[in-house]
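Structure below is start_17.txt: compact mmCIF, C-alpha atoms and all ligand atoms.
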```
# COMPACT_ATOMS: atom_id res chain seq x y z
CA MET S 1 -8.00 14.32 6.15
CA LEU S 2 -7.28 15.94 9.49
CA ALA S 3 -5.25 18.91 8.26
CA GLY S 4 -5.13 21.62 10.90
CA LYS S 5 -7.06 19.56 13.45
CA LYS S 6 -5.86 19.50 17.05
CA ILE S 7 -6.34 16.21 18.81
CA PHE S 8 -5.79 15.72 22.51
CA LEU S 9 -4.93 12.09 23.18
CA VAL S 10 -5.38 10.65 26.65
CA ILE S 11 -3.41 7.44 27.04
CA ALA S 12 -4.61 5.28 29.90
CA GLY S 13 -2.75 2.41 31.54
CA GLY S 14 -3.32 -0.78 29.58
CA ILE S 15 -1.08 -3.12 27.65
CA ALA S 16 -2.50 -1.68 24.40
CA ALA S 17 -0.93 1.69 25.29
CA TYR S 18 1.98 0.93 22.96
CA LYS S 19 -0.46 1.09 20.04
CA SER S 20 -1.21 4.71 20.87
CA LEU S 21 2.31 5.50 19.67
CA GLU S 22 1.31 4.23 16.22
CA LEU S 23 -1.95 6.19 16.49
CA ILE S 24 -0.01 9.42 17.05
CA ARG S 25 1.99 8.78 13.86
CA ARG S 26 -1.03 7.97 11.73
CA LEU S 27 -2.89 11.08 12.95
CA GLN S 28 0.13 13.22 12.10
CA ASP S 29 0.28 11.59 8.63
CA ARG S 30 -3.20 12.90 8.06
CA GLY S 31 -2.22 16.42 9.06
CA ALA S 32 -3.35 16.53 12.70
CA THR S 33 -1.42 18.00 15.62
CA VAL S 34 -1.49 15.62 18.57
CA ARG S 35 -0.96 16.59 22.20
CA CYS S 36 -0.86 13.83 24.75
CA CYS S 37 -1.70 13.24 28.37
CA LEU S 38 -0.58 10.11 30.19
CA THR S 39 -2.43 8.80 33.20
CA ALA S 40 -0.27 7.70 36.12
CA ASN S 41 -0.89 4.06 35.17
CA ALA S 42 -0.07 4.65 31.50
CA ARG S 43 3.45 5.57 32.52
CA GLU S 44 3.91 1.92 33.51
CA PHE S 45 3.36 0.94 29.87
CA VAL S 46 4.80 3.74 27.70
CA THR S 47 7.39 6.33 28.59
CA PRO S 48 6.68 10.07 28.52
CA MET S 49 9.91 10.37 26.53
CA ALA S 50 8.62 8.14 23.70
CA VAL S 51 5.26 9.93 23.61
CA SER S 52 6.90 13.36 23.68
CA ALA S 53 9.36 12.44 20.91
CA LEU S 54 6.63 11.09 18.66
CA SER S 55 4.09 13.82 19.31
CA GLN S 56 6.82 16.48 19.05
CA GLY S 57 5.51 18.32 22.06
CA PRO S 58 5.18 18.28 25.82
CA VAL S 59 3.42 15.38 27.48
CA TYR S 60 0.91 16.49 30.09
CA MET S 61 0.76 14.42 33.24
CA ASP S 62 0.73 16.46 36.39
CA GLN S 63 -2.42 18.17 37.54
CA PHE S 64 -0.53 20.45 39.89
CA SER S 65 2.59 21.18 37.89
CA LEU S 66 3.26 24.89 38.22
CA LYS S 67 5.03 24.85 34.87
CA ASP S 68 2.12 23.26 33.05
CA GLU S 69 -0.39 25.41 34.91
CA SER S 70 1.44 28.61 34.09
CA GLU S 71 1.81 27.62 30.46
CA MET S 72 -1.68 26.29 30.02
CA GLY S 73 -4.37 25.45 32.53
CA HIS S 74 -6.27 22.22 32.12
CA ILE S 75 -9.39 23.98 30.87
CA GLU S 76 -7.26 25.75 28.28
CA LEU S 77 -5.70 22.42 27.21
CA SER S 78 -9.05 20.97 26.30
CA ARG S 79 -10.29 24.26 24.82
CA GLN S 80 -7.49 24.33 22.32
CA SER S 81 -8.37 20.88 20.95
CA ASP S 82 -10.95 19.92 18.37
CA LEU S 83 -11.42 16.45 19.83
CA LEU S 84 -10.34 14.48 22.88
CA VAL S 85 -9.52 10.83 22.29
CA VAL S 86 -9.00 8.27 25.04
CA ALA S 87 -6.98 5.36 23.63
CA PRO S 88 -6.61 2.91 25.11
CA ALA S 89 -9.52 3.49 27.49
CA THR S 90 -9.32 1.08 30.42
CA ALA S 91 -12.25 -0.08 32.54
CA ASN S 92 -10.84 2.16 35.26
CA ILE S 93 -10.85 5.40 33.25
CA LEU S 94 -14.33 4.62 31.84
CA ALA S 95 -15.56 4.24 35.42
CA ARG S 96 -13.92 7.49 36.49
CA MET S 97 -15.35 9.31 33.47
CA ALA S 98 -18.84 7.93 34.13
CA ALA S 99 -18.61 8.98 37.78
CA GLY S 100 -17.38 12.47 36.87
CA MET S 101 -14.16 12.13 38.82
CA ALA S 102 -11.29 14.55 38.47
CA ASP S 103 -8.61 12.70 40.36
CA GLU S 104 -5.72 13.36 37.98
CA LEU S 105 -5.02 15.57 35.00
CA ALA S 106 -6.48 13.14 32.41
CA THR S 107 -9.85 12.80 34.13
CA THR S 108 -9.95 16.50 35.01
CA LEU S 109 -9.49 17.39 31.35
CA LEU S 110 -12.22 14.98 30.33
CA LEU S 111 -14.57 16.50 32.90
CA ALA S 112 -13.66 20.09 32.03
CA THR S 113 -14.01 19.79 28.26
CA ASP S 114 -16.86 20.95 26.07
CA LYS S 115 -15.31 19.30 23.01
CA PRO S 116 -16.37 15.97 21.50
CA VAL S 117 -14.80 12.90 23.10
CA LEU S 118 -14.05 9.56 21.46
CA VAL S 119 -12.99 6.53 23.47
CA ALA S 120 -11.32 3.35 22.24
CA PRO S 121 -11.71 0.78 25.02
CA ALA S 122 -9.17 -1.99 25.58
CA MET S 123 -9.30 -4.38 28.48
CA ASN S 124 -9.64 -7.99 29.54
CA VAL S 125 -12.79 -9.60 28.12
CA ARG S 126 -14.34 -10.16 31.57
CA MET S 127 -13.70 -6.57 32.59
CA TRP S 128 -15.40 -5.39 29.38
CA LEU S 129 -18.39 -7.70 29.84
CA HIS S 130 -18.77 -6.88 33.55
CA ALA S 131 -22.07 -5.24 34.35
CA ALA S 132 -20.28 -2.29 35.97
CA THR S 133 -18.31 -1.53 32.79
CA GLN S 134 -21.33 -2.01 30.55
CA ALA S 135 -23.34 0.38 32.74
CA ASN S 136 -20.52 2.94 32.54
CA VAL S 137 -20.38 2.56 28.75
CA ALA S 138 -24.14 3.08 28.51
CA THR S 139 -23.87 6.20 30.69
CA LEU S 140 -21.06 7.64 28.57
CA LYS S 141 -22.87 6.85 25.30
CA ALA S 142 -25.98 8.54 26.61
CA ARG S 143 -23.84 11.63 27.23
CA GLY S 144 -22.81 11.67 23.58
CA ILE S 145 -19.35 10.19 23.95
CA GLY S 146 -18.26 8.31 20.82
CA PHE S 147 -16.93 4.76 20.94
CA VAL S 148 -14.73 2.82 18.54
CA GLY S 149 -14.27 -0.85 19.38
CA PRO S 150 -13.40 -2.87 21.30
CA GLU S 151 -12.79 -5.67 18.84
CA GLU S 152 -13.06 -9.36 19.40
CA GLY S 153 -9.89 -11.43 19.20
CA ALA S 154 -6.98 -13.00 21.01
CA MET S 155 -5.80 -10.83 23.88
CA ALA S 156 -2.47 -10.25 25.60
CA CYS S 157 -3.84 -12.12 28.64
CA ASN S 158 -4.30 -15.30 26.54
CA GLU S 159 -8.07 -14.99 26.50
CA PHE S 160 -10.37 -14.53 23.54
CA GLY S 161 -13.34 -12.24 23.19
CA PRO S 162 -14.31 -8.57 22.97
CA GLY S 163 -11.80 -6.25 24.61
CA ARG S 164 -9.04 -5.68 22.07
CA LEU S 165 -8.26 -2.10 21.13
CA ALA S 166 -9.75 -1.23 17.73
CA GLU S 167 -7.19 -1.31 14.92
CA VAL S 168 -5.36 2.00 14.56
CA PRO S 169 -6.79 2.75 11.04
CA ASP S 170 -10.29 2.20 12.46
CA ILE S 171 -9.61 4.67 15.29
CA VAL S 172 -8.32 7.18 12.72
CA SER S 173 -11.48 6.67 10.61
CA ALA S 174 -13.70 7.16 13.65
CA ILE S 175 -11.84 10.38 14.47
CA GLU S 176 -12.27 11.59 10.90
CA THR S 177 -15.95 10.79 10.92
CA MET S 178 -16.41 12.70 14.20
CA LEU S 179 -14.48 15.70 12.90
CA ASN S 180 -15.59 15.72 9.26
CA PRO S 181 -19.29 15.29 8.95
CA ARG S 182 -18.75 16.50 5.35
CA ARG S 183 -19.82 13.64 3.08
CA PRO S 184 -19.86 14.98 -0.49
CA LEU S 185 -19.72 11.47 -1.96
CA ALA S 186 -22.74 10.15 -0.06
CA GLY S 187 -24.87 8.12 -2.48
CA LYS S 188 -21.97 7.65 -4.92
CA ARG S 189 -20.41 4.29 -5.74
CA ALA S 190 -16.69 3.79 -6.27
CA ILE S 191 -14.50 0.91 -7.42
CA VAL S 192 -10.83 0.96 -6.48
CA THR S 193 -8.25 -1.61 -7.61
CA SER S 194 -5.16 -2.01 -5.45
CA GLY S 195 -2.09 -4.14 -4.88
CA PRO S 196 -0.34 -6.46 -7.28
CA THR S 197 -1.90 -9.26 -9.25
CA VAL S 198 -0.31 -12.69 -8.98
CA GLU S 199 -0.32 -14.86 -12.05
CA PRO S 200 -0.06 -18.58 -11.27
CA ILE S 201 2.47 -20.79 -13.07
CA ASP S 202 1.56 -23.98 -11.24
CA PRO S 203 -0.08 -24.71 -7.86
CA VAL S 204 2.91 -23.35 -5.93
CA ARG S 205 4.60 -20.77 -8.18
CA PHE S 206 3.46 -17.42 -9.47
CA ILE S 207 4.61 -14.22 -11.14
CA ALA S 208 4.06 -11.12 -9.01
CA ASN S 209 5.38 -7.60 -8.55
CA ARG S 210 6.47 -5.24 -5.78
CA SER S 211 3.26 -3.24 -5.35
CA SER S 212 2.38 -2.85 -1.64
CA GLY S 213 -1.20 -1.68 -2.22
CA LYS S 214 -0.68 1.23 0.21
CA GLN S 215 -1.77 3.92 -2.24
CA GLY S 216 -4.84 2.05 -3.54
CA HIS S 217 -6.00 1.12 -0.05
CA ALA S 218 -5.55 4.72 1.12
CA ILE S 219 -7.69 5.92 -1.82
CA ALA S 220 -10.44 3.44 -0.96
CA ARG S 221 -10.45 4.73 2.62
CA ALA S 222 -10.37 8.37 1.58
CA LEU S 223 -13.37 7.90 -0.74
CA ALA S 224 -15.25 6.08 2.02
CA ASP S 225 -14.39 8.91 4.44
CA LEU S 226 -16.21 11.27 2.08
CA GLY S 227 -19.27 9.03 2.15
CA ALA S 228 -18.85 6.91 -1.01
CA ALA S 229 -19.88 3.25 -1.07
CA VAL S 230 -16.53 1.74 -2.03
CA THR S 231 -15.67 -1.69 -3.43
CA LEU S 232 -11.94 -2.29 -3.13
CA VAL S 233 -10.74 -5.05 -5.45
CA SER S 234 -7.34 -6.01 -4.13
CA GLY S 235 -4.60 -8.40 -5.09
CA PRO S 236 -2.68 -10.03 -2.23
CA THR S 237 -1.12 -7.46 0.11
CA ALA S 238 0.10 -7.38 3.69
CA LEU S 239 -2.42 -4.65 4.55
CA ASP S 240 -5.53 -4.88 6.70
CA ASP S 241 -8.85 -4.36 4.95
CA PRO S 242 -9.70 -0.65 5.31
CA ALA S 243 -12.59 0.14 7.63
CA GLY S 244 -15.92 0.97 6.06
CA VAL S 245 -15.00 -0.45 2.64
CA SER S 246 -16.25 -3.62 1.00
CA VAL S 247 -13.18 -5.62 -0.04
CA VAL S 248 -13.00 -8.31 -2.73
CA HIS S 249 -9.75 -10.28 -2.57
CA VAL S 250 -8.46 -11.56 -5.90
CA GLU S 251 -5.25 -12.97 -7.29
CA SER S 252 -5.00 -12.84 -11.09
CA ALA S 253 -5.75 -9.98 -13.48
CA ARG S 254 -8.67 -11.95 -14.91
CA ASP S 255 -10.22 -12.33 -11.46
CA MET S 256 -9.63 -8.64 -10.81
CA LEU S 257 -11.48 -7.68 -13.99
CA ALA S 258 -14.37 -10.03 -13.16
CA ALA S 259 -14.65 -8.53 -9.65
CA CYS S 260 -14.63 -4.98 -11.08
CA ARG S 261 -17.35 -5.87 -13.57
CA ALA S 262 -19.42 -7.39 -10.79
CA ALA S 263 -19.10 -4.12 -8.82
CA LEU S 264 -20.57 -2.01 -11.65
CA PRO S 265 -22.42 0.31 -11.95
CA ALA S 266 -20.18 2.89 -10.33
CA ASP S 267 -19.77 6.65 -10.49
CA VAL S 268 -16.00 6.48 -10.29
CA ALA S 269 -13.34 3.84 -10.82
CA VAL S 270 -9.77 4.32 -9.63
CA CYS S 271 -7.35 1.72 -11.00
CA ALA S 272 -4.35 1.85 -8.69
CA ALA S 273 -3.47 -1.85 -8.93
CA ALA S 274 -0.20 -2.93 -10.47
CA VAL S 275 -1.78 -5.42 -12.82
CA ALA S 276 0.57 -7.94 -14.41
CA ASP S 277 0.77 -7.31 -18.14
CA TRP S 278 0.97 -11.00 -18.89
CA GLY S 279 -0.50 -14.14 -17.43
CA VAL S 280 0.68 -17.71 -17.97
CA ASP S 281 -0.92 -19.31 -21.01
CA THR S 282 -1.57 -22.75 -19.56
CA VAL S 283 -1.32 -22.99 -15.79
CA ALA S 284 0.08 -26.42 -14.84
CA THR S 285 -2.34 -28.37 -12.68
CA GLN S 286 0.54 -30.17 -10.91
CA LYS S 287 3.78 -28.68 -9.56
CA LEU S 288 6.35 -28.48 -12.38
CA LYS S 289 9.09 -30.98 -11.59
CA LYS S 290 12.80 -30.39 -11.84
CA GLU S 291 14.09 -33.45 -13.75
CA PRO S 292 17.80 -34.26 -13.24
CA GLY S 293 19.63 -32.97 -16.32
CA GLY S 294 16.33 -31.77 -17.82
CA ALA S 295 15.84 -28.41 -19.52
CA PRO S 296 14.02 -25.69 -17.51
CA PRO S 297 10.34 -25.44 -18.47
CA ALA S 298 9.34 -22.82 -21.02
CA ILE S 299 6.55 -20.58 -19.75
CA ARG S 300 4.44 -19.00 -22.46
CA LEU S 301 2.92 -15.67 -21.45
CA VAL S 302 -0.27 -14.24 -22.87
CA PRO S 303 -1.52 -10.65 -22.52
CA ASN S 304 -3.80 -9.98 -19.57
CA PRO S 305 -6.99 -7.99 -19.96
CA ASP S 306 -6.45 -4.28 -19.40
CA ILE S 307 -8.86 -3.45 -16.60
CA LEU S 308 -8.43 0.31 -16.85
CA ALA S 309 -8.99 0.32 -20.62
CA THR S 310 -11.98 -2.01 -20.25
CA LEU S 311 -13.64 0.18 -17.61
CA SER S 312 -12.86 3.29 -19.70
CA ALA S 313 -14.45 1.92 -22.88
CA PRO S 314 -17.54 3.92 -23.90
CA GLY S 315 -20.83 2.30 -23.03
CA ASN S 316 -23.68 2.44 -20.60
CA ALA S 317 -21.72 0.86 -17.80
CA ARG S 318 -18.79 3.28 -18.03
CA PRO S 319 -18.30 5.09 -14.73
CA ARG S 320 -18.59 8.85 -15.10
CA LEU S 321 -15.00 9.26 -14.02
CA VAL S 322 -12.23 6.71 -14.60
CA VAL S 323 -8.84 7.33 -13.05
CA GLY S 324 -5.69 5.37 -13.89
CA PHE S 325 -2.17 5.39 -12.55
CA ALA S 326 1.05 5.57 -14.46
CA ALA S 327 4.21 4.37 -12.82
CA GLU S 328 7.06 5.83 -14.80
CA THR S 329 10.80 5.95 -14.35
CA GLU S 330 11.43 8.78 -16.87
CA LYS S 331 9.58 11.40 -18.98
CA LEU S 332 6.70 11.25 -16.50
CA VAL S 333 4.28 13.74 -18.03
CA GLU S 334 4.93 12.73 -21.64
CA HIS S 335 4.44 9.03 -21.01
CA ALA S 336 1.47 9.52 -18.71
CA THR S 337 -0.30 11.84 -21.16
CA ALA S 338 0.13 9.25 -23.90
CA LYS S 339 -1.21 6.58 -21.54
CA ARG S 340 -4.30 8.65 -20.76
CA ALA S 341 -5.13 8.80 -24.47
CA ARG S 342 -4.32 5.13 -25.05
CA LYS S 343 -6.42 3.83 -22.18
CA GLY S 344 -9.34 6.21 -22.70
CA CYS S 345 -9.52 7.17 -19.04
CA ASP S 346 -10.32 10.68 -17.74
CA TRP S 347 -7.41 11.22 -15.40
CA ILE S 348 -4.01 9.68 -14.89
CA VAL S 349 -2.20 9.96 -11.58
CA ALA S 350 1.40 9.76 -12.67
CA ASN S 351 4.09 8.83 -10.20
CA ASP S 352 7.81 8.45 -10.34
CA VAL S 353 8.81 4.91 -9.42
CA SER S 354 12.50 5.26 -10.12
CA ALA S 355 14.56 3.73 -7.31
CA ALA S 356 15.50 7.26 -6.17
CA ALA S 357 11.85 8.19 -5.49
CA GLY S 358 11.27 5.20 -3.15
CA THR S 359 7.57 5.02 -4.02
CA PHE S 360 7.22 1.24 -4.18
CA GLY S 361 6.51 0.04 -0.66
CA GLY S 362 7.29 3.49 0.75
CA ASP S 363 4.91 5.73 2.66
CA SER S 364 5.12 8.84 0.54
CA ASN S 365 4.38 9.72 -3.04
CA GLN S 366 4.90 12.62 -5.41
CA VAL S 367 2.32 12.58 -8.16
CA THR S 368 1.22 14.66 -11.13
CA LEU S 369 -2.45 14.64 -12.05
CA ILE S 370 -2.96 14.50 -15.81
CA SER S 371 -6.43 15.50 -16.95
CA GLU S 372 -7.95 17.12 -20.01
CA SER S 373 -6.75 20.46 -18.66
CA GLY S 374 -3.09 19.37 -18.57
CA ALA S 375 -0.53 18.31 -15.95
CA ASP S 376 -0.90 19.42 -12.33
CA PRO S 377 2.10 18.43 -10.17
CA TRP S 378 1.22 17.90 -6.51
CA PRO S 379 3.76 18.34 -3.72
CA ALA S 380 5.30 15.19 -2.23
CA ALA S 381 3.07 13.93 0.57
CA SER S 382 2.16 10.79 2.45
CA LYS S 383 0.13 8.27 0.47
CA GLU S 384 -2.80 9.09 2.80
CA ALA S 385 -2.52 12.79 1.98
CA VAL S 386 -2.35 12.05 -1.78
CA ALA S 387 -5.41 9.82 -1.40
CA ALA S 388 -7.34 12.49 0.51
CA ARG S 389 -6.51 15.11 -2.11
CA LEU S 390 -7.54 12.79 -4.94
CA ALA S 391 -10.80 11.96 -3.14
CA ASP S 392 -11.51 15.68 -2.78
CA ARG S 393 -10.88 16.21 -6.50
CA ILE S 394 -13.16 13.27 -7.33
CA ALA S 395 -15.89 14.71 -5.10
CA GLU S 396 -15.57 18.05 -6.93
CA ALA S 397 -15.73 16.37 -10.34
CA LEU S 398 -18.81 14.32 -9.43
CA SER S 399 -20.69 17.14 -7.76
O1 LIG S 401 -0.18 0.00 -18.92
P1 LIG S 401 0.26 0.33 -17.54
O2 LIG S 401 0.38 -0.87 -16.65
O3 LIG S 401 1.47 1.18 -17.45
O4 LIG S 401 -0.93 1.23 -16.98
C1 LIG S 401 -1.09 1.51 -15.65
C2 LIG S 401 -2.54 1.76 -15.35
O5 LIG S 401 -3.35 0.80 -16.00
C3 LIG S 401 -2.85 1.59 -13.89
O6 LIG S 401 -3.94 2.41 -13.58
C4 LIG S 401 -3.22 0.12 -13.77
O7 LIG S 401 -4.03 -0.13 -12.67
C5 LIG S 401 -3.96 -0.08 -15.06
N1 LIG S 401 -3.87 -1.43 -15.64
C6 LIG S 401 -4.98 -2.23 -15.65
N2 LIG S 401 -4.92 -3.47 -16.22
C7 LIG S 401 -3.79 -3.89 -16.81
C8 LIG S 401 -2.64 -3.08 -16.81
C9 LIG S 401 -2.72 -1.85 -16.20
O8 LIG S 401 -6.01 -1.85 -15.09
N3 LIG S 401 -3.75 -5.10 -17.37
```
So, in terms of C-alpha cells, how does the structure I just supplied come out?
Ligand code: C5P
Amino acid sequence: MLAGKKIFLVIAGGIAAYKSLELIRRLQDRGATVRCCLTANAREFVTPMAVSALSQGPVYMDQFSLKDESEMGHIELSRQSDLLVVAPATANILARMAAGMADELATTLLLATDKPVLVAPAMNVRMWLHAATQANVATLKARGIGFVGPEEGAMACNEFGPGRLAEVPDIVSAIETMLNPRRPLAGKRAIVTSGPTVEPIDPVRFIANRSSGKQGHAIARALADLGAAVTLVSGPTALDDPAGVSVVHVESARDMLAACRAALPADVAVCAAAVADWGVDTVATQKLKKEPGGAPPAIRLVPNPDILATLSAPGNARPRLVVGFAAETEKLVEHATAKRARKGCDWIVANDVSAAAGTFGGDSNQVTLISESGADPWPAASKEAVAARLADRIAEALS
C-alpha cells in the first residue's frame, strides 16, 4: 500500500513514456499522490495535458517559470515527496544524473533532492549495453539509487534484448519495497488460489467462468509485499504473473488442489479462485463430433474437490489461517456466515457479485470480512486496496 505517500515522477523522453501514464494510475490505485515532471524530450512522446489530467495536478516542466517558482521552488518540490521515480529513464537522463547536471527542471530536481530515487531504465538494447551507460548505472547504484529493470524482450525498434521498461506492476512493487521496509510476514508461507478453473469436455472444449483473477492476484502481491513467500496457484487468466511471487499455472480444480497440496506447509491459505463446482465425468480423448441429425452429446458432471474445505480440514498440514471467499448475489452476510461454518475456514471475505456491483472483471470490490467475531463491512475500494487491507489483517493474525 502507498496510502498517503507522495511520489514525484520524472518522465524522460523515450517511446516507453506512454507507460508512465499507466504507472500514474496504478500508484493512485494504491493510495499515492503523484506529481509529475516532464523533460523537454518527454513532451515529444506524451502531452502535458494527458499527464496533468491523469495525475490531477500541475505538470512541472519549466525550470525558470515564475509561476512554478513562486508556487514552489524546485528544492521544495523534491522536499515534499517521499520518493522520486524516473520512468522511463533514458540513457541521456542517466548520463546527466551521473554527471550531476542540472540543465533542466527534471535533472535539477534529481540533483537537489535528499529523498530516495528509483529509476526504471528503458532504451535501445545497444544504448543500454554501451560501456558509457553501464558506467553511469554503476555510478548511480554506488550512490544508492534504486533500479528496477530494464527487462529483456522485443523492443519498439524491432530489436531484442535488455532495454524494455520494467512492467508497471514491477515498478509499483519496487516503489513499495523502497517505501515500506515493513515486512511483518517475513518467514511466513502463503498459498493463494486465483482465477477460474477450466474443466475440459474434450480436447478443444471446456466449462469455465467469468473470474478475472484480479482480486486473487492482488492478494498474492500484497502478501509478498509484506514479506511472505507466496505460491499463487492460478487458473487461466489474462493477467501477468505478479512480481516476487511463485506462480503455478493450472487448469482444472483437481490440478489446483494438487498444486495447493504440493505447496504445503503454509501459514496461511487464501482461496480466492472461482473453482468450478463440477468437472466432466469422462473427458473425451477426441473432439466430440457433430453428426448430421444426431442428438447433442450428454455431458455428465461430477462434483469437484472443494479446495477450501480440504485445506481447512483439521490436521497437521492445516495452515494456521484459512481464508475463503463467498460470491453472493443476495443475503450476503447470512450466506457467507453459513459458508464459513460449512467449509471450516477461519475467515470468509464475502463480496456482492450481483450485476449491479460490477465485481466480476471490474477493478473495485466491496467486501465484508466474516470471522469468529462477526461481520466487518469494509468500504468499497480498488481490488489492490482490498488486498492490502486483507494482507495487513493476515499479518496481524499471524503475529
Ligand atoms: O462453495 P462456493 O464456491 O460458494 O465457495 C467459495 C469459496 O470456496 C471460495 O473461497 C473458493 O475459492 C472456494 N472453493 C474451493 N473449491 C471448490 C469450490 C469453492 O476452494 N471446489
### Task
Excluding Gly344 in chain S and any residue of its chain fewer than 3 positions from it, enumerate the residues within 6 Å of it, using only C-alpha atoms, and give them as an MDAnalysis selection string.
chainID S and resid 312 340:341
### Message
To check your reading of the model: which residues sit at most 6 Å from ligand LIG 401 (chain S) when counting all atoms listed in the file? Write the answer as a PyMOL selection string.
### Response
chain S and resi 271-277+304-308+324-326
### Message
List the spatial neighbours of Lys115 in chain S as JSON, numbers by chain - criterion: any atom at most 8 Å away, only C-alpha atoms, same-chain residues fewer than 2 positions off excluded.
### Response
{"S": [78, 79, 81, 82, 83, 84, 113, 117]}
#### Entry: Distance query Asn136 in chain S at most 9 Å, only C-alpha atoms, self and fewer than 6 positions along chain excluded, as a list of chain:residue names
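Counting only C-alpha atoms, the residues come to S:Ala91, S:Leu94, S:Ala95, S:Arg96, S:Met97, S:Ala98, S:Ala99.
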Next, write the just-selected residues to a file, as a PDB file, in the coordinates of the input, keeping C-alpha atoms as the atom set.
```
ATOM      1  CA  ALA S  91     -12.250  -0.080  32.540  1.00  0.00           C
ATOM      2  CA  LEU S  94     -14.330   4.620  31.840  1.00  0.00           C
ATOM      3  CA  ALA S  95     -15.560   4.240  35.420  1.00  0.00           C
ATOM      4  CA  ARG S  96     -13.920   7.490  36.490  1.00  0.00           C
ATOM      5  CA  MET S  97     -15.350   9.310  33.470  1.00  0.00           C
ATOM      6  CA  ALA S  98     -18.840   7.930  34.130  1.00  0.00           C
ATOM      7  CA  ALA S  99     -18.610   8.980  37.780  1.00  0.00           C
TER       8      ALA S  99
END
```
What would the list of residues within 12 Å of (1.8, -19.5, -10.9) (file frame) look like as a JSON list (two decimals) with C-alpha atoms, in the coordinates of the input, if only C-alpha atoms are what count?
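After the write, out-v9.json holds the following:
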```json
[["chain", "number", "residue", "atom", "x", "y", "z"],
["S", 197, "THR", "CA", -1.90, -9.26, -9.25],
["S", 198, "VAL", "CA", -0.31, -12.69, -8.98],
["S", 199, "GLU", "CA", -0.32, -14.86, -12.05],
["S", 200, "PRO", "CA", -0.06, -18.58, -11.27],
["S", 201, "ILE", "CA", 2.47, -20.79, -13.07],
["S", 202, "ASP", "CA", 1.56, -23.98, -11.24],
["S", 203, "PRO", "CA", -0.08, -24.71, -7.86],
["S", 204, "VAL", "CA", 2.91, -23.35, -5.93],
["S", 205, "ARG", "CA", 4.60, -20.77, -8.18],
["S", 206, "PHE", "CA", 3.46, -17.42, -9.47],
["S", 207, "ILE", "CA", 4.61, -14.22, -11.14],
["S", 208, "ALA", "CA", 4.06, -11.12, -9.01],
["S", 251, "GLU", "CA", -5.25, -12.97, -7.29],
["S", 252, "SER", "CA", -5.00, -12.84, -11.09],
["S", 278, "TRP", "CA", 0.97, -11.00, -18.89],
["S", 279, "GLY", "CA", -0.50, -14.14, -17.43],
["S", 280, "VAL", "CA", 0.68, -17.71, -17.97],
["S", 281, "ASP", "CA", -0.92, -19.31, -21.01],
["S", 282, "THR", "CA", -1.57, -22.75, -19.56],
["S", 283, "VAL", "CA", -1.32, -22.99, -15.79],
["S", 284, "ALA", "CA", 0.08, -26.42, -14.84],
["S", 285, "THR", "CA", -2.34, -28.37, -12.68],
["S", 286, "GLN", "CA", 0.54, -30.17, -10.91],
["S", 287, "LYS", "CA", 3.78, -28.68, -9.56],
["S", 288, "LEU", "CA", 6.35, -28.48, -12.38],
["S", 299, "ILE", "CA", 6.55, -20.58, -19.75],
["S", 300, "ARG", "CA", 4.44, -19.00, -22.46],
["S", 301, "LEU", "CA", 2.92, -15.67, -21.45]]
```
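Interatomic distance, CA of Glu159 in chain S to CA of Ala87 in chain S: 20.6 Å.
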Compile the contact shell of range 53-60 of chain S as an mmCIF file with C-alpha atoms, keeping the file's coordinate frame: residues with an atom at most 12 Å away, counting only C-alpha atoms, same-chain residues fewer than 2 positions apart removed.
```cif
data_model
loop_
_atom_site.group_PDB
_atom_site.id
_atom_site.type_symbol
_atom_site.label_atom_id
_atom_site.label_comp_id
_atom_site.auth_asym_id
_atom_site.auth_seq_id
_atom_site.Cartn_x
_atom_site.Cartn_y
_atom_site.Cartn_z
ATOM 1 C CA LYS S 6 -5.860 19.500 17.050
ATOM 2 C CA ILE S 7 -6.340 16.210 18.810
ATOM 3 C CA PHE S 8 -5.790 15.720 22.510
ATOM 4 C CA LEU S 9 -4.930 12.090 23.180
ATOM 5 C CA VAL S 10 -5.380 10.650 26.650
ATOM 6 C CA ILE S 11 -3.410 7.440 27.040
ATOM 7 C CA TYR S 18 1.980 0.930 22.960
ATOM 8 C CA SER S 20 -1.210 4.710 20.870
ATOM 9 C CA LEU S 21 2.310 5.500 19.670
ATOM 10 C CA GLU S 22 1.310 4.230 16.220
ATOM 11 C CA LEU S 23 -1.950 6.190 16.490
ATOM 12 C CA ILE S 24 -0.010 9.420 17.050
ATOM 13 C CA ARG S 25 1.990 8.780 13.860
ATOM 14 C CA ARG S 26 -1.030 7.970 11.730
ATOM 15 C CA LEU S 27 -2.890 11.080 12.950
ATOM 16 C CA GLN S 28 0.130 13.220 12.100
ATOM 17 C CA ASP S 29 0.280 11.590 8.630
ATOM 18 C CA ALA S 32 -3.350 16.530 12.700
ATOM 19 C CA THR S 33 -1.420 18.000 15.620
ATOM 20 C CA VAL S 34 -1.490 15.620 18.570
ATOM 21 C CA ARG S 35 -0.960 16.590 22.200
ATOM 22 C CA CYS S 36 -0.860 13.830 24.750
ATOM 23 C CA CYS S 37 -1.700 13.240 28.370
ATOM 24 C CA LEU S 38 -0.580 10.110 30.190
ATOM 25 C CA THR S 39 -2.430 8.800 33.200
ATOM 26 C CA ALA S 40 -0.270 7.700 36.120
ATOM 27 C CA ALA S 42 -0.070 4.650 31.500
ATOM 28 C CA ARG S 43 3.450 5.570 32.520
ATOM 29 C CA VAL S 46 4.800 3.740 27.700
ATOM 30 C CA THR S 47 7.390 6.330 28.590
ATOM 31 C CA PRO S 48 6.680 10.070 28.520
ATOM 32 C CA MET S 49 9.910 10.370 26.530
ATOM 33 C CA ALA S 50 8.620 8.140 23.700
ATOM 34 C CA VAL S 51 5.260 9.930 23.610
ATOM 35 C CA ASP S 62 0.730 16.460 36.390
ATOM 36 C CA GLN S 63 -2.420 18.170 37.540
ATOM 37 C CA PHE S 64 -0.530 20.450 39.890
ATOM 38 C CA SER S 65 2.590 21.180 37.890
ATOM 39 C CA LEU S 66 3.260 24.890 38.220
ATOM 40 C CA LYS S 67 5.030 24.850 34.870
ATOM 41 C CA ASP S 68 2.120 23.260 33.050
ATOM 42 C CA GLU S 69 -0.390 25.410 34.910
ATOM 43 C CA GLU S 71 1.810 27.620 30.460
ATOM 44 C CA MET S 72 -1.680 26.290 30.020
ATOM 45 C CA GLY S 73 -4.370 25.450 32.530
ATOM 46 C CA HIS S 74 -6.270 22.220 32.120
ATOM 47 C CA LEU S 77 -5.700 22.420 27.210
ATOM 48 C CA SER S 78 -9.050 20.970 26.300
ATOM 49 C CA GLU S 104 -5.720 13.360 37.980
ATOM 50 C CA LEU S 105 -5.020 15.570 35.000
ATOM 51 C CA ALA S 106 -6.480 13.140 32.410
ATOM 52 C CA THR S 108 -9.950 16.500 35.010
ATOM 53 C CA LEU S 109 -9.490 17.390 31.350
#
```
